[in-house]
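Here is the structure we will look at.
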Amino acid sequence: AQIAQADFVKSSKKKEECPSDGLPEFALVGRSNVGKSSLLNSLVRRKKLALTSKKPGKTQCINHFLVNESWYLVDLPGYGYAVAPQEARIDWSQFTRDYFLHRETLVSVFLLIDASIPAKKIDLEYASWLGQNQIPMTLVFTKCDKRKKKKNGGKRAEENVADFLNLIQEFFQTPPPWLMTSSVTNQGRDEMLLHMAQLRNY
Ligand code: GDP
């Protein structure tokens with residue numbers, strides 16, 4: 001299930017511009033600063049694969065990376081930029097929404113959640129929206145290596161994960177699969193790749 005090759009293919013501004021070769025894909029999405037670029041790079045064992053600028057306005061694209069010439073990893077715009085103008089925010093959600101609802105080759109959305117901090121409202125809202133629209137989803141908890149901090153109420157990653165899973169329960173008939181990861185220790189990387197391989201062969 002390892003990644004031997006990963007190449008940037010294209011940036012698309014709407015669903016219609018995405019690759020049309022029918023290969024299966026997995027979309028990574030999460031709040032800005034959740035650790036998405038780090039995770040992408042950890043998955044492909046390369047530094048700086050995700051070359052997209054992180055400035056709001058330059059990240060409003062769907063970025064396709066072709067893996068092992070047979071499937072795509074898709075980097076979606078982050079949400080929750082504090083500095084983004086309101087208009088840009090609305091635009092992101094519309095186009096991301098369109099992608100989620102109508103992209104036929106989308107196997108599963110990987111929703112990234114920072115496990116080093118308590119659950120955020122915006123993350124719960126995203127999880128809820130995906131659940132209610134029955135979009136196949138996997139929860140990927142990031143930064144699980146981070147030690148507890150006092151200002152975080154002293155909670156460990158495991159506790160934040162349990163809290164989050166509890167809070168989203170009501171949005172799902174079947175609880176989504178979830179993984180704990182760290183881009184620092186590479187915890188969860190093989191598990192995530194195996195999970196993707198299983199979903200592709202399903
Ligand atoms: P993005 O905005 O979602 O692409 O987030 P980045 O990958 O740029 O990461 C945001 C910040 O979190 C950076 O300072 C990273 O060094 C840090 N970070 C990302 N992943 C991890 C992780 O697994 N563990 C720890 N401790 N820090 C991380």
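Residues in the structure tokens are named by chain (A, B, ... in the order shown) and by number from 1 within that chain; ligands are numbered from 1 in the order shown.
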
- [ ] Return as a list of chain:residue names every polymer residue, whether protein, DNA or RNA, with at least one atom no more than 7 Å from an atom of ligand 1; count only C-alpha atoms and all ligand atoms.
- [x]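 What falls inside 7 Å of ligand 1 is A:Gly30, A:Arg31, A:Ser32, A:Asn33, A:Val34, A:Gly35, A:Lys36, A:Ser37, A:Ser38, A:Leu39, A:Lys54, A:Gly78, A:Thr142, A:Lys143, A:Cys144, A:Asp145, A:Lys146, A:Thr181, A:Ser182, A:Ser183, A:Val184.
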
Go ahead and write the residues just picked, C-alpha atoms, as a JSON list (two decimals), in the first residue's frame.
```json
[["chain", "number", "residue", "atom", "x", "y", "z"],
["A", 30, "GLY", "CA", -9.50, 20.38, 7.24],
["A", 31, "ARG", "CA", -9.21, 23.63, 9.09],
["A", 32, "SER", "CA", -6.32, 25.86, 8.14],
["A", 33, "ASN", "CA", -3.23, 24.83, 10.14],
["A", 34, "VAL", "CA", -4.60, 21.37, 10.95],
["A", 35, "GLY", "CA", -1.45, 19.81, 9.51],
["A", 36, "LYS", "CA", -2.73, 18.87, 6.06],
["A", 37, "SER", "CA", 0.43, 19.73, 4.11],
["A", 38, "SER", "CA", 2.57, 17.94, 6.67],
["A", 39, "LEU", "CA", 0.37, 14.85, 6.46],
["A", 54, "LYS", "CA", -0.91, 28.92, 1.89],
["A", 78, "GLY", "CA", -8.70, 24.58, 4.02],
["A", 142, "THR", "CA", -3.59, 14.96, 13.39],
["A", 143, "LYS", "CA", -0.76, 16.02, 15.73],
["A", 144, "CYS", "CA", -1.33, 13.03, 18.02],
["A", 145, "ASP", "CA", 2.30, 13.28, 19.18],
["A", 146, "LYS", "CA", 1.70, 16.62, 20.87],
["A", 181, "THR", "CA", -1.79, 10.26, 13.00],
["A", 182, "SER", "CA", 1.33, 12.32, 13.50],
["A", 183, "SER", "CA", 3.50, 13.78, 10.78],
["A", 184, "VAL", "CA", 6.32, 14.08, 13.29]]
```

Contacts of A:Met192 at 10 Å or less, counting only C-alpha atoms, minus same-chain residues fewer than 5 places along, as a CSV table (one decimal) with C-alpha atoms, in the first residue's frame?
```
chain,number,residue,atom,x,y,z
A,1,ALA,CA,0.0,0.0,0.0
A,43,LEU,CA,2.2,10.1,3.2
A,110,PHE,CA,-10.5,12.4,4.8
A,138,THR,CA,-12.8,9.0,7.3
A,140,VAL,CA,-8.0,11.6,10.5
A,178,TRP,CA,-11.1,7.1,12.2
A,179,LEU,CA,-7.3,7.1,12.5
A,180,MET,CA,-4.8,8.8,14.8
A,181,THR,CA,-1.8,10.3,13.0
A,187,GLN,CA,2.2,7.4,13.5
A,197,ALA,CA,-6.0,0.5,-0.4
A,198,GLN,CA,-8.9,-1.3,1.2
```

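One distance worth recording is that between atom CA of A:Met196 and atom CA of A:Glu25, which is 9.3 Å.
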
inquiry  = Could you check the closest approach to A:Val29 for each of A:Glu17, A:Asp75, A:Glu69, A:Asp7 and tell me which residue wins, using only C-alpha atoms?
reply    =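 Counting only C-alpha atoms, the residue closest to A:Val29 is A:Asp75.
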
ask   = Can you list, as a list in words, every protein, DNA or RNA residue that comes within 10 Å of A:Gly22 when you count only C-alpha atoms, leaving out same-chain residues fewer than 5 positions away?
value =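 With the cut-off at 10 Å, the set is Ser70, Trp71, Glu104, Thr105 and Leu106 of chain A.
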
Alpha helix (DSSP H) per DSSP on the backbone: members of stretch 75-139 of chain A, as a PyMOL selection string:
chain A and resi 86-102+121-132

Quick one: of A:Gln134, A:Ala115, A:Tyr126, A:Glu191, who's nearest to A:Arg156, counting only C-alpha atoms?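 Smallest separation from A:Arg156 among the options: A:Ala115.
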
For A:Ala4, the closest of A:Ser20, A:Glu159, A:Asn63, A:Arg45 counting only C-alpha atoms is A:Arg45

As an NGL selection string, please: every residue in stretch 10-197 of chain A that DSSP puts in strand (DSSP E). :A and (10-12 or 25-30 or 62-67 or 71-75 or 106-114 or 137-142 or 178-180)

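Picture a line from atom CA of A:Leu199 to atom CA of A:Pro176; it runs 13.0 Å.
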
Spatial neighbours of A:Leu167, max dist 12 Å, only C-alpha atoms, sep filter under 6 positions, as a tab-separated table (two decimals) with C-alpha atoms, in the first residue's frame:
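In the end it all went to around.tsv:
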```tsv
chain	number	residue	atom	x	y	z
A	118	PRO	CA	-10.41	20.43	22.06
A	119	ALA	CA	-13.08	20.06	19.38
A	120	LYS	CA	-13.84	23.22	17.41
A	121	LYS	CA	-17.33	24.19	16.36
A	123	ASP	CA	-14.97	21.02	12.62
A	124	LEU	CA	-18.14	19.65	14.15
A	125	GLU	CA	-20.14	21.56	11.55
A	127	ALA	CA	-18.38	16.56	10.10
A	128	SER	CA	-22.10	17.06	10.57
A	160	ASN	CA	-9.76	14.97	22.51
A	161	VAL	CA	-10.38	12.17	19.99
A	175	PRO	CA	-19.86	5.95	12.95
```

Here atom CA of A:Trp129 and atom CA of A:Gly80 stand apart by 15.0 Å
